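For reference, final.cif (mmCIF, C-alpha atoms):
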data_data
loop_
_atom_site.group_PDB
_atom_site.id
_atom_site.type_symbol
_atom_site.label_atom_id
_atom_site.label_comp_id
_atom_site.auth_asym_id
_atom_site.auth_seq_id
_atom_site.Cartn_x
_atom_site.Cartn_y
_atom_site.Cartn_z
ATOM 1 C CA MET A 1 13.216 4.081 -48.712
ATOM 2 C CA PHE A 2 11.543 5.297 -45.508
ATOM 3 C CA ALA A 3 8.706 2.831 -46.090
ATOM 4 C CA SER A 4 11.271 -0.003 -46.365
ATOM 5 C CA ILE A 5 12.976 0.991 -43.104
ATOM 6 C CA SER A 6 9.594 1.175 -41.378
ATOM 7 C CA TRP A 7 8.716 -2.320 -42.649
ATOM 8 C CA ILE A 8 12.046 -3.727 -41.379
ATOM 9 C CA VAL A 9 11.548 -2.136 -37.921
ATOM 10 C CA SER A 10 8.024 -3.563 -37.753
ATOM 11 C CA PHE A 11 9.324 -7.005 -38.700
ATOM 12 C CA ILE A 12 11.988 -6.831 -35.953
ATOM 13 C CA ASP A 13 9.373 -5.753 -33.417
ATOM 14 C CA ILE A 14 7.150 -8.705 -34.318
ATOM 15 C CA TYR A 15 10.129 -11.076 -34.136
ATOM 16 C CA LEU A 16 11.090 -9.750 -30.698
ATOM 17 C CA LEU A 17 7.505 -10.049 -29.538
ATOM 18 C CA PHE A 18 7.619 -13.801 -30.181
ATOM 19 C CA LEU A 19 10.957 -14.016 -28.376
ATOM 20 C CA HIS A 20 9.635 -12.038 -25.394
ATOM 21 C CA PRO A 21 5.884 -12.757 -25.218
ATOM 22 C CA PHE A 22 5.633 -11.533 -21.625
ATOM 23 C CA SER A 23 7.318 -8.156 -22.081
ATOM 24 C CA LYS A 24 5.263 -5.162 -20.964
ATOM 25 C CA ALA A 25 4.043 -2.886 -23.724
ATOM 26 C CA LYS A 26 4.663 0.317 -21.760
ATOM 27 C CA THR A 27 8.372 -0.458 -21.373
ATOM 28 C CA GLY A 28 8.920 -1.576 -24.950
ATOM 29 C CA ILE A 29 8.886 -5.016 -26.580
ATOM 30 C CA CYS A 30 12.502 -5.705 -25.687
ATOM 31 C CA LYS A 31 14.177 -4.636 -22.431
ATOM 32 C CA ASN A 32 16.854 -2.828 -24.430
ATOM 33 C CA VAL A 33 14.279 -0.814 -26.350
ATOM 34 C CA GLU A 34 12.743 2.201 -24.605
ATOM 35 C CA ILE A 35 9.702 4.083 -25.787
ATOM 36 C CA PRO A 36 8.816 7.676 -24.899
ATOM 37 C CA HIS A 37 6.517 8.406 -21.965
ATOM 38 C CA GLN A 38 2.933 8.062 -23.137
ATOM 39 C CA SER A 39 0.379 10.465 -21.705
ATOM 40 C CA TYR A 40 -2.987 9.064 -20.719
ATOM 41 C CA ASN A 41 -4.405 12.559 -20.133
ATOM 42 C CA MET A 42 -4.472 12.227 -16.361
ATOM 43 C CA LYS A 43 -5.579 15.380 -14.599
ATOM 44 C CA THR A 44 -4.191 16.723 -11.325
ATOM 45 C CA ILE A 45 -6.816 18.202 -8.997
ATOM 46 C CA TYR A 46 -6.157 20.305 -5.905
ATOM 47 C CA THR A 47 -9.592 21.063 -4.459
ATOM 48 C CA ILE A 48 -12.473 18.951 -3.194
ATOM 49 C CA SER A 49 -15.036 21.060 -5.032
ATOM 50 C CA GLU A 50 -13.413 20.522 -8.432
ATOM 51 C CA LEU A 51 -13.048 16.810 -7.771
ATOM 52 C CA GLN A 52 -16.688 16.456 -6.741
ATOM 53 C CA ASN A 53 -17.942 18.361 -9.782
ATOM 54 C CA ILE A 54 -16.018 16.069 -12.118
ATOM 55 C CA LEU A 55 -17.170 12.898 -10.384
ATOM 56 C CA LEU A 56 -20.774 14.118 -10.259
ATOM 57 C CA SER A 57 -20.799 14.198 -14.049
ATOM 58 C CA ALA A 58 -19.143 10.787 -14.235
ATOM 59 C CA ARG A 59 -21.758 9.225 -11.989
ATOM 60 C CA ALA A 60 -24.551 10.861 -13.928
ATOM 61 C CA ALA A 61 -23.178 8.994 -16.939
ATOM 62 C CA GLY A 62 -23.361 5.735 -14.972
ATOM 63 C CA LYS A 63 -19.626 5.343 -14.484
ATOM 64 C CA LYS A 64 -18.090 3.321 -11.660
ATOM 65 C CA VAL A 65 -15.480 5.142 -9.537
ATOM 66 C CA GLY A 66 -12.527 3.564 -7.723
ATOM 67 C CA LEU A 67 -10.209 5.240 -5.198
ATOM 68 C CA VAL A 68 -6.625 4.480 -4.185
ATOM 69 C CA PRO A 69 -5.670 6.538 -1.110
ATOM 70 C CA THR A 70 -1.886 7.110 -0.799
ATOM 71 C CA MET A 71 0.575 9.386 0.938
ATOM 72 C CA GLY A 72 2.687 9.766 -2.173
ATOM 73 C CA ALA A 73 6.342 8.731 -2.627
ATOM 74 C CA LEU A 74 4.865 6.087 -4.888
ATOM 75 C CA HIS A 75 6.489 2.803 -5.931
ATOM 76 C CA SER A 76 5.555 -0.409 -7.717
ATOM 77 C CA GLY A 77 3.432 -1.531 -4.787
ATOM 78 C CA HIS A 78 1.206 1.486 -5.319
ATOM 79 C CA THR A 79 1.227 0.858 -9.059
ATOM 80 C CA SER A 80 -0.287 -2.576 -8.497
ATOM 81 C CA LEU A 81 -3.191 -1.009 -6.587
ATOM 82 C CA VAL A 82 -3.731 1.638 -9.252
ATOM 83 C CA GLU A 83 -3.644 -0.828 -12.117
ATOM 84 C CA ARG A 84 -6.183 -3.027 -10.361
ATOM 85 C CA CYS A 85 -8.402 -0.004 -9.780
ATOM 86 C CA VAL A 86 -8.110 0.955 -13.459
ATOM 87 C CA ARG A 87 -9.085 -2.550 -14.582
ATOM 88 C CA LYS A 88 -12.169 -2.733 -12.350
ATOM 89 C CA ASN A 89 -13.576 0.802 -12.680
ATOM 90 C CA ASP A 90 -14.498 3.378 -15.290
ATOM 91 C CA ILE A 91 -12.793 6.160 -13.322
ATOM 92 C CA CYS A 92 -9.644 5.774 -11.199
ATOM 93 C CA VAL A 93 -8.911 8.438 -8.585
ATOM 94 C CA VAL A 94 -5.675 8.408 -6.581
ATOM 95 C CA SER A 95 -5.159 10.689 -3.602
ATOM 96 C CA ASP A 96 -1.590 11.841 -2.953
ATOM 97 C CA PHE A 97 -1.517 13.524 0.453
ATOM 98 C CA VAL A 98 0.789 13.227 3.461
ATOM 99 C CA ASN A 99 -1.720 13.291 6.297
ATOM 100 C CA PRO A 100 -0.377 15.118 9.371
ATOM 101 C CA THR A 101 -2.949 13.778 11.838
ATOM 102 C CA GLN A 102 -1.704 10.179 11.657
ATOM 103 C CA PHE A 103 1.884 10.973 12.647
ATOM 104 C CA ASN A 104 2.531 10.761 16.362
ATOM 105 C CA ASP A 105 6.236 11.536 15.768
ATOM 106 C CA PRO A 106 6.745 15.073 14.336
ATOM 107 C CA ASN A 107 10.157 14.118 12.928
ATOM 108 C CA ASP A 108 8.593 11.235 11.029
ATOM 109 C CA LEU A 109 6.192 13.683 9.381
ATOM 110 C CA ILE A 110 9.027 16.076 8.503
ATOM 111 C CA ASN A 111 11.193 13.323 7.030
ATOM 112 C CA TYR A 112 8.466 11.467 5.167
ATOM 113 C CA PRO A 113 9.504 11.446 1.473
ATOM 114 C CA ARG A 114 7.595 13.659 -0.943
ATOM 115 C CA THR A 115 7.979 13.179 -4.710
ATOM 116 C CA PRO A 116 4.939 14.782 -6.399
ATOM 117 C CA GLU A 117 6.407 15.087 -9.901
ATOM 118 C CA ALA A 118 7.583 11.477 -9.976
ATOM 119 C CA ASP A 119 4.233 10.400 -8.535
ATOM 120 C CA GLU A 120 2.352 12.121 -11.345
ATOM 121 C CA LYS A 121 4.409 10.355 -14.019
ATOM 122 C CA LEU A 122 3.989 6.955 -12.356
ATOM 123 C CA LEU A 123 0.232 7.439 -12.052
ATOM 124 C CA ASP A 124 -0.089 8.662 -15.609
ATOM 125 C CA ASP A 125 1.758 5.568 -16.841
ATOM 126 C CA ALA A 126 -0.517 3.344 -14.734
ATOM 127 C CA GLY A 127 -3.636 4.769 -16.404
ATOM 128 C CA CYS A 128 -4.957 6.850 -13.495
ATOM 129 C CA ASP A 129 -7.649 9.355 -14.514
ATOM 130 C CA TYR A 130 -7.408 11.880 -11.662
ATOM 131 C CA VAL A 131 -4.777 12.441 -8.994
ATOM 132 C CA PHE A 132 -5.997 14.458 -6.026
ATOM 133 C CA MET A 133 -3.162 16.484 -4.439
ATOM 134 C CA PRO A 134 -4.777 18.743 -1.836
ATOM 135 C CA SER A 135 -3.013 21.002 0.627
ATOM 136 C CA ALA A 136 -3.322 20.433 4.372
ATOM 137 C CA GLU A 137 -5.538 23.525 4.498
ATOM 138 C CA GLU A 138 -7.869 22.025 1.896
ATOM 139 C CA MET A 139 -8.319 18.809 3.868
ATOM 140 C CA TYR A 140 -8.337 20.442 7.281
ATOM 141 C CA PRO A 141 -9.830 23.964 7.008
ATOM 142 C CA GLU A 142 -10.440 23.579 10.725
ATOM 143 C CA PRO A 143 -9.160 20.995 13.235
ATOM 144 C CA ASP A 144 -10.764 17.580 12.944
ATOM 145 C CA THR A 145 -11.893 16.788 16.486
ATOM 146 C CA ARG A 146 -13.623 13.513 15.652
ATOM 147 C CA VAL A 147 -12.586 10.587 17.830
ATOM 148 C CA PHE A 148 -13.199 7.087 16.511
ATOM 149 C CA ASN A 149 -13.554 3.996 18.638
ATOM 150 C CA PHE A 150 -12.374 0.782 17.046
ATOM 151 C CA GLY A 151 -12.254 -1.211 20.267
ATOM 152 C CA PRO A 152 -9.701 -4.046 20.472
ATOM 153 C CA LEU A 153 -8.697 -3.568 16.824
ATOM 154 C CA GLU A 154 -6.816 -0.369 17.671
ATOM 155 C CA THR A 155 -5.286 -1.268 21.047
ATOM 156 C CA VAL A 156 -2.821 -3.901 19.823
ATOM 157 C CA MET A 157 0.361 -3.802 17.730
ATOM 158 C CA GLU A 158 0.513 -0.449 15.891
ATOM 159 C CA GLY A 159 -2.114 0.982 18.217
ATOM 160 C CA SER A 160 -0.029 0.365 21.318
ATOM 161 C CA PHE A 161 3.173 1.749 19.791
ATOM 162 C CA ARG A 162 1.664 4.680 17.861
ATOM 163 C CA PRO A 163 -1.110 6.194 19.984
ATOM 164 C CA GLY A 164 -3.561 8.260 17.928
ATOM 165 C CA HIS A 165 -2.260 6.894 14.642
ATOM 166 C CA PHE A 166 -5.400 5.049 13.614
ATOM 167 C CA ASN A 167 -7.643 7.918 14.633
ATOM 168 C CA GLY A 168 -5.692 10.080 12.192
ATOM 169 C CA VAL A 169 -5.963 7.387 9.509
ATOM 170 C CA ALA A 170 -9.730 7.226 10.013
ATOM 171 C CA GLN A 171 -10.007 11.025 9.851
ATOM 172 C CA ILE A 172 -8.290 11.346 6.493
ATOM 173 C CA VAL A 173 -9.703 8.205 4.864
ATOM 174 C CA SER A 174 -13.244 9.148 5.855
ATOM 175 C CA LYS A 175 -12.691 12.646 4.447
ATOM 176 C CA LEU A 176 -11.469 11.127 1.188
ATOM 177 C CA PHE A 177 -14.410 8.728 1.093
ATOM 178 C CA TYR A 178 -16.859 11.610 1.551
ATOM 179 C CA ALA A 179 -15.067 13.689 -1.102
ATOM 180 C CA VAL A 180 -14.884 10.938 -3.723
ATOM 181 C CA LEU A 181 -17.798 8.656 -2.767
ATOM 182 C CA PRO A 182 -16.115 5.743 -4.540
ATOM 183 C CA ASP A 183 -17.743 2.434 -5.318
ATOM 184 C CA THR A 184 -14.520 0.644 -4.398
ATOM 185 C CA ALA A 185 -11.340 1.579 -2.514
ATOM 186 C CA TYR A 186 -8.007 -0.231 -2.699
ATOM 187 C CA PHE A 187 -5.544 -0.810 0.164
ATOM 188 C CA GLY A 188 -2.366 -2.863 0.425
ATOM 189 C CA GLU A 189 -2.193 -5.839 2.780
ATOM 190 C CA LYS A 190 1.237 -4.765 4.027
ATOM 191 C CA ASP A 191 -0.649 -2.412 6.362
ATOM 192 C CA PHE A 192 -2.650 -5.333 7.680
ATOM 193 C CA GLN A 193 -3.996 -3.678 10.831
ATOM 194 C CA GLN A 194 -4.858 -0.489 8.951
ATOM 195 C CA LEU A 195 -6.917 -2.545 6.511
ATOM 196 C CA ALA A 196 -8.953 -3.975 9.405
ATOM 197 C CA ILE A 197 -9.429 -0.494 10.866
ATOM 198 C CA ILE A 198 -10.664 0.921 7.543
ATOM 199 C CA ARG A 199 -13.119 -1.917 7.098
ATOM 200 C CA GLU A 200 -14.494 -1.248 10.573
ATOM 201 C CA MET A 201 -14.652 2.520 9.968
ATOM 202 C CA THR A 202 -16.555 1.991 6.721
ATOM 203 C CA LYS A 203 -18.997 -0.231 8.582
ATOM 204 C CA GLN A 204 -19.459 2.259 11.438
ATOM 205 C CA LEU A 205 -20.104 5.140 9.028
ATOM 206 C CA HIS A 206 -22.529 3.041 6.959
ATOM 207 C CA LEU A 207 -20.658 3.840 3.753
ATOM 208 C CA PRO A 208 -21.581 1.710 0.703
ATOM 209 C CA ILE A 209 -17.952 1.289 -0.313
ATOM 210 C CA GLU A 210 -16.309 -2.044 -1.082
ATOM 211 C CA ILE A 211 -12.846 -2.280 0.483
ATOM 212 C CA ILE A 212 -10.491 -4.244 -1.771
ATOM 213 C CA PRO A 213 -7.361 -5.752 -0.167
ATOM 214 C CA CYS A 214 -4.338 -6.058 -2.456
ATOM 215 C CA PRO A 215 -1.350 -8.402 -1.959
ATOM 216 C CA ILE A 216 2.011 -7.198 -0.664
ATOM 217 C CA ILE A 217 4.414 -6.350 -3.489
ATOM 218 C CA ARG A 218 8.029 -7.180 -2.725
ATOM 219 C CA GLU A 219 11.444 -6.316 -4.063
ATOM 220 C CA ALA A 220 13.395 -9.113 -5.755
ATOM 221 C CA ASP A 221 15.140 -9.860 -2.445
ATOM 222 C CA GLY A 222 11.838 -10.137 -0.559
ATOM 223 C CA LEU A 223 11.708 -6.761 1.185
ATOM 224 C CA ALA A 224 8.149 -5.457 1.276
ATOM 225 C CA MET A 225 7.923 -2.336 -0.864
ATOM 226 C CA SER A 226 7.513 0.839 1.187
ATOM 227 C CA SER A 227 8.007 4.544 0.664
ATOM 228 C CA ARG A 228 10.274 4.448 3.718
ATOM 229 C CA ASN A 229 12.717 2.065 2.020
ATOM 230 C CA ARG A 230 14.295 4.942 0.114
ATOM 231 C CA ARG A 231 15.480 6.388 3.430
ATOM 232 C CA LEU A 232 17.582 3.310 4.202
ATOM 233 C CA THR A 233 21.353 3.573 3.866
ATOM 234 C CA GLN A 234 23.058 1.085 1.550
ATOM 235 C CA GLU A 235 24.076 -1.086 4.510
ATOM 236 C CA GLN A 236 20.579 -0.965 6.022
ATOM 237 C CA ARG A 237 19.005 -1.734 2.645
ATOM 238 C CA GLU A 238 21.210 -4.808 2.306
ATOM 239 C CA LYS A 239 20.101 -6.088 5.709
ATOM 240 C CA ALA A 240 16.406 -5.112 5.597
ATOM 241 C CA PRO A 241 15.336 -8.175 3.530
ATOM 242 C CA LYS A 242 16.209 -10.357 6.532
ATOM 243 C CA ILE A 243 12.897 -9.273 8.063
ATOM 244 C CA ALA A 244 10.921 -11.036 5.327
ATOM 245 C CA GLN A 245 13.400 -13.907 5.218
ATOM 246 C CA TYR A 246 12.895 -14.692 8.901
ATOM 247 C CA LEU A 247 9.123 -14.552 8.425
ATOM 248 C CA VAL A 248 9.281 -17.002 5.521
ATOM 249 C CA LYS A 249 11.578 -19.339 7.474
ATOM 250 C CA SER A 250 9.144 -19.219 10.372
ATOM 251 C CA LEU A 251 6.464 -20.777 8.141
ATOM 252 C CA ASN A 252 8.375 -24.055 7.992
ATOM 253 C CA PHE A 253 9.367 -23.709 11.635
ATOM 254 C CA ALA A 254 5.734 -23.234 12.662
ATOM 255 C CA ALA A 255 4.657 -26.466 10.975
ATOM 256 C CA GLU A 256 6.119 -28.467 13.856
ATOM 257 C CA LYS A 257 6.326 -25.867 16.626
ATOM 258 C CA THR A 258 3.950 -24.025 18.930
ATOM 259 C CA ILE A 259 2.965 -20.410 18.510
ATOM 260 C CA GLN A 260 5.145 -19.422 21.460
ATOM 261 C CA GLU A 261 8.151 -21.192 19.966
ATOM 262 C CA THR A 262 7.521 -19.501 16.607
ATOM 263 C CA LEU A 263 7.347 -16.086 18.275
ATOM 264 C CA GLU A 264 10.640 -16.716 20.043
ATOM 265 C CA TYR A 265 12.284 -17.958 16.844
ATOM 266 C CA VAL A 266 11.565 -14.749 14.921
ATOM 267 C CA LYS A 267 12.422 -12.464 17.844
ATOM 268 C CA GLU A 268 15.716 -14.233 18.547
ATOM 269 C CA SER A 269 16.651 -14.214 14.851
ATOM 270 C CA LEU A 270 16.241 -10.441 14.666
ATOM 271 C CA SER A 271 17.978 -9.792 17.984
ATOM 272 C CA SER A 272 21.126 -11.454 16.615
ATOM 273 C CA ASP A 273 21.752 -8.371 14.424
ATOM 274 C CA SER A 274 22.238 -4.989 16.110
ATOM 275 C CA THR A 275 20.883 -3.248 12.998
ATOM 276 C CA PHE A 276 17.389 -4.273 14.052
ATOM 277 C CA LYS A 277 15.297 -3.107 16.988
ATOM 278 C CA LEU A 278 12.001 -4.930 17.334
ATOM 279 C CA ASP A 279 8.841 -3.046 18.269
ATOM 280 C CA TYR A 280 6.653 -6.122 18.133
ATOM 281 C CA PHE A 281 6.089 -9.463 16.507
ATOM 282 C CA GLU A 282 2.629 -10.868 17.175
ATOM 283 C CA ILE A 283 0.778 -13.898 15.861
ATOM 284 C CA VAL A 284 -2.883 -12.939 15.737
ATOM 285 C CA ASP A 285 -6.350 -13.868 14.610
ATOM 286 C CA GLY A 286 -6.618 -12.336 11.149
ATOM 287 C CA TYR A 287 -10.160 -11.118 11.834
ATOM 288 C CA THR A 288 -9.954 -9.740 15.380
ATOM 289 C CA LEU A 289 -6.193 -8.959 15.492
ATOM 290 C CA GLN A 290 -6.069 -10.463 18.972
ATOM 291 C CA PRO A 291 -3.163 -12.762 19.892
ATOM 292 C CA VAL A 292 -3.724 -16.488 19.468
ATOM 293 C CA HIS A 293 -2.045 -19.109 21.655
ATOM 294 C CA ASP A 294 -2.691 -22.263 19.666
ATOM 295 C CA TRP A 295 -2.785 -22.940 15.927
ATOM 296 C CA LYS A 296 -6.309 -24.313 16.417
ATOM 297 C CA ASP A 297 -7.593 -21.023 17.868
ATOM 298 C CA SER A 298 -8.565 -19.573 14.473
ATOM 299 C CA THR A 299 -9.008 -20.448 10.825
ATOM 300 C CA TYR A 300 -7.100 -17.285 9.869
ATOM 301 C CA ILE A 301 -3.747 -16.637 11.581
ATOM 302 C CA VAL A 302 -1.291 -13.907 10.627
ATOM 303 C CA GLY A 303 2.122 -12.879 11.921
ATOM 304 C CA CYS A 304 2.570 -9.093 12.081
ATOM 305 C CA ILE A 305 5.886 -7.377 12.681
ATOM 306 C CA ALA A 306 7.259 -3.858 13.155
ATOM 307 C CA VAL A 307 10.996 -3.419 13.392
ATOM 308 C CA TYR A 308 13.474 -0.577 13.154
ATOM 309 C CA CYS A 309 16.231 -1.024 10.609
ATOM 310 C CA GLY A 310 18.557 1.665 11.860
ATOM 311 C CA PRO A 311 16.255 4.666 12.402
ATOM 312 C CA ILE A 312 13.697 3.533 9.789
ATOM 313 C CA ARG A 313 10.614 1.696 11.010
ATOM 314 C CA LEU A 314 9.404 -1.069 8.696
ATOM 315 C CA ILE A 315 6.337 -3.308 8.918
ATOM 316 C CA ASP A 316 5.501 -6.609 7.294
ATOM 317 C CA ASN A 317 3.293 -9.653 7.816
ATOM 318 C CA ILE A 318 2.862 -13.248 6.800
ATOM 319 C CA VAL A 319 -0.125 -15.581 6.731
ATOM 320 C CA TYR A 320 0.369 -18.817 8.675
ATOM 321 C CA LYS A 321 -3.140 -20.123 8.213
ATOM 322 C CA SER A 322 -6.111 -19.013 6.129
ATOM 323 C CA TYR A 323 -9.655 -20.190 5.631
ATOM 324 C CA ALA A 324 -8.598 -21.517 2.214
ATOM 325 C CA ASP A 325 -6.043 -23.943 3.753
#
What is this structure when it is put down as structure tokens?
Amino acid sequence: MFASISWIVSFIDIYLLFLHPFSKAKTGICKNVEIPHQSYNMKTIYTISELQNILLSARAAGKKVGLVPTMGALHSGHTSLVERCVRKNDICVVSDFVNPTQFNDPNDLINYPRTPEADEKLLDDAGCDYVFMPSAEEMYPEPDTRVFNFGPLETVMEGSFRPGHFNGVAQIVSKLFYAVLPDTAYFGEKDFQQLAIIREMTKQLHLPIEIIPCPIIREADGLAMSSRNRRLTQEQREKAPKIAQYLVKSLNFAAEKTIQETLEYVKESLSSDSTFKLDYFEIVDGYTLQPVHDWKDSTYIVGCIAVYCGPIRLIDNIVYKSYAD
């Protein structure tokens, strides 16, 4: 009898598979069918020495290592980076560490969400091999006094509103690069300026690491996924997608308008709602991050924005022109 029941269940599963050919295996064949959490034997590591010993053996076996640096409070945007890393490498390492040196606002550091247990489950499901969760003392046994110079890349946009931020980013990412020595490292394009800074840092330090940019992952309503989104109130969360909506609308607007008119369009749209407080909206050369004044000034033009939705600061960007156009 049990064999008959098993055969019937298998038949139903196959039938549902043909009805839902694009369903994800890890969430079950049908949306109404849940399967237990599957363990992929991911290991959590807390010290640099243990991590390096493990990776030394992996490299000796000729394995390729990928790294996804994060500050935890993971979401589907992070998952997309991890899954790409898993596909392209033999070993996937994810760092989960809230780095104190990149916060110029102490309250922002205190309030930054921390969800280590949920992070571990998400990473395990995504196929991560090792999650590195060091303490602040492990990463900074003594103060890091290094000062990086990224020239014009760090003086605009985030750099002008968050002094010292990118120096802190470079401190922790370089420490992670030295600890892991990955072949590839994965970063989301939502942090567009940070991506440029990390590329430049890698170049300055002569590190043989390929930096892989990954597309912005958005909620169904267009809001760019961010760990900070969970701090939004219900009312703020309902309004936050307007940021992306105005950016998308500006694409059509820009087709017949100047850069200055496009800047004013987005700024005026946001100023019409008291929920928002704009830090900046800049249209820049995608390579140098310097402002452009005419659509002909570059083959790669990006609009970058930082805006407060209530007390929560959100960033986003949109590509107006790329070399592929």
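Near A:Gly127, within 10 Å and counting all atoms listed in the file, sit Gln38, Ser39, Tyr40, Asn41, Met42, Thr79, Val82, Glu83, Cys85, Val86, Arg87, Ile91, Cys92, Leu122, Leu123, Asp124 and Tyr130 of chain A; same-chain residues fewer than 3 positions away were not included.
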Could you turn the residues from that selection into a file that holds C-alpha atoms, as a PDB file, keeping the file's coordinate frame?
ATOM      1  CA  GLN A  38       2.933   8.062 -23.137  1.00  0.00           C
ATOM      2  CA  SER A  39       0.379  10.465 -21.705  1.00  0.00           C
ATOM      3  CA  TYR A  40      -2.987   9.064 -20.719  1.00  0.00           C
ATOM      4  CA  ASN A  41      -4.405  12.559 -20.133  1.00  0.00           C
ATOM      5  CA  MET A  42      -4.472  12.227 -16.361  1.00  0.00           C
ATOM      6  CA  THR A  79       1.227   0.858  -9.059  1.00  0.00           C
ATOM      7  CA  VAL A  82      -3.731   1.638  -9.252  1.00  0.00           C
ATOM      8  CA  GLU A  83      -3.644  -0.828 -12.117  1.00  0.00           C
ATOM      9  CA  CYS A  85      -8.402  -0.004  -9.780  1.00  0.00           C
ATOM     10  CA  VAL A  86      -8.110   0.955 -13.459  1.00  0.00           C
ATOM     11  CA  ARG A  87      -9.085  -2.550 -14.582  1.00  0.00           C
ATOM     12  CA  ILE A  91     -12.793   6.160 -13.322  1.00  0.00           C
ATOM     13  CA  CYS A  92      -9.644   5.774 -11.199  1.00  0.00           C
ATOM     14  CA  LEU A 122       3.989   6.955 -12.356  1.00  0.00           C
ATOM     15  CA  LEU A 123       0.232   7.439 -12.052  1.00  0.00           C
ATOM     16  CA  ASP A 124      -0.089   8.662 -15.609  1.00  0.00           C
ATOM     17  CA  TYR A 130      -7.408  11.880 -11.662  1.00  0.00           C
TER      18      TYR A 130
END
Contacts of stretch 66-78 of chain A at 9 Å or less, counting all atoms listed in the file, minus same-chain residues fewer than 6 places along, as a VMD selection string?
-> chain A and resid 85 to 86 88 to 99 112 to 116 118 to 119 122 to 123 173 176 to 177 180 to 188 215 to 218 224 to 228
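The closest residue to A:Leu278, picked from A:Cys309, A:Thr155, A:Asp294, A:Glu264 and counting only C-alpha atoms, is A:Cys309.
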Nearest-residue call for A:Ala254, choices A:Lys321, A:Arg199, A:Lys277, A:Lys239, using all atoms listed in the file | A:Lys321
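Remark: for A:Val302, the closest of the candidate residues A:Met201, A:Asn149, A:Ser160, A:Glu189 is A:Glu189 (distances computed over only C-alpha atoms).
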Using all atoms listed in the file, which of A:Asp129, A:Glu120, A:Glu137, A:Asp105 sits nearest A:Ile48?
-> A:Glu137
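With distances taken over all atoms listed in the file, A:Ile198 is the one residue among A:Cys304, A:Ala244, A:Leu207, A:Ile198 lying closest to A:Ile172.
The nearest approach to A:Pro163 among the residues A:Ile211, A:Ile318, A:Glu142, A:Gln102, with all atoms listed in the file taken into account, belongs to A:Gln102.
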Evaluate the PyMOL selection byres ((chain A and resi 285) around 8) and record the selected residues as number ranges by chain, following the chain and residue labels used in the document.
-> A: 283-284, 286-292, 297-298, 300-302
Those residues with C-alpha atoms, as a PDB file, in the coordinates of the input please?
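File part-v8.pdb, as written:
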ATOM      1  CA  ILE A 283       0.778 -13.898  15.861  1.00  0.00           C
ATOM      2  CA  VAL A 284      -2.883 -12.939  15.737  1.00  0.00           C
ATOM      3  CA  GLY A 286      -6.618 -12.336  11.149  1.00  0.00           C
ATOM      4  CA  TYR A 287     -10.160 -11.118  11.834  1.00  0.00           C
ATOM      5  CA  THR A 288      -9.954  -9.740  15.380  1.00  0.00           C
ATOM      6  CA  LEU A 289      -6.193  -8.959  15.492  1.00  0.00           C
ATOM      7  CA  GLN A 290      -6.069 -10.463  18.972  1.00  0.00           C
ATOM      8  CA  PRO A 291      -3.163 -12.762  19.892  1.00  0.00           C
ATOM      9  CA  VAL A 292      -3.724 -16.488  19.468  1.00  0.00           C
ATOM     10  CA  ASP A 297      -7.593 -21.023  17.868  1.00  0.00           C
ATOM     11  CA  SER A 298      -8.565 -19.573  14.473  1.00  0.00           C
ATOM     12  CA  TYR A 300      -7.100 -17.285   9.869  1.00  0.00           C
ATOM     13  CA  ILE A 301      -3.747 -16.637  11.581  1.00  0.00           C
ATOM     14  CA  VAL A 302      -1.291 -13.907  10.627  1.00  0.00           C
TER      15      VAL A 302
END
Separation of atom CA of A:Glu117 and atom CA of A:Thr44, in Å?
-> 10.8 Å
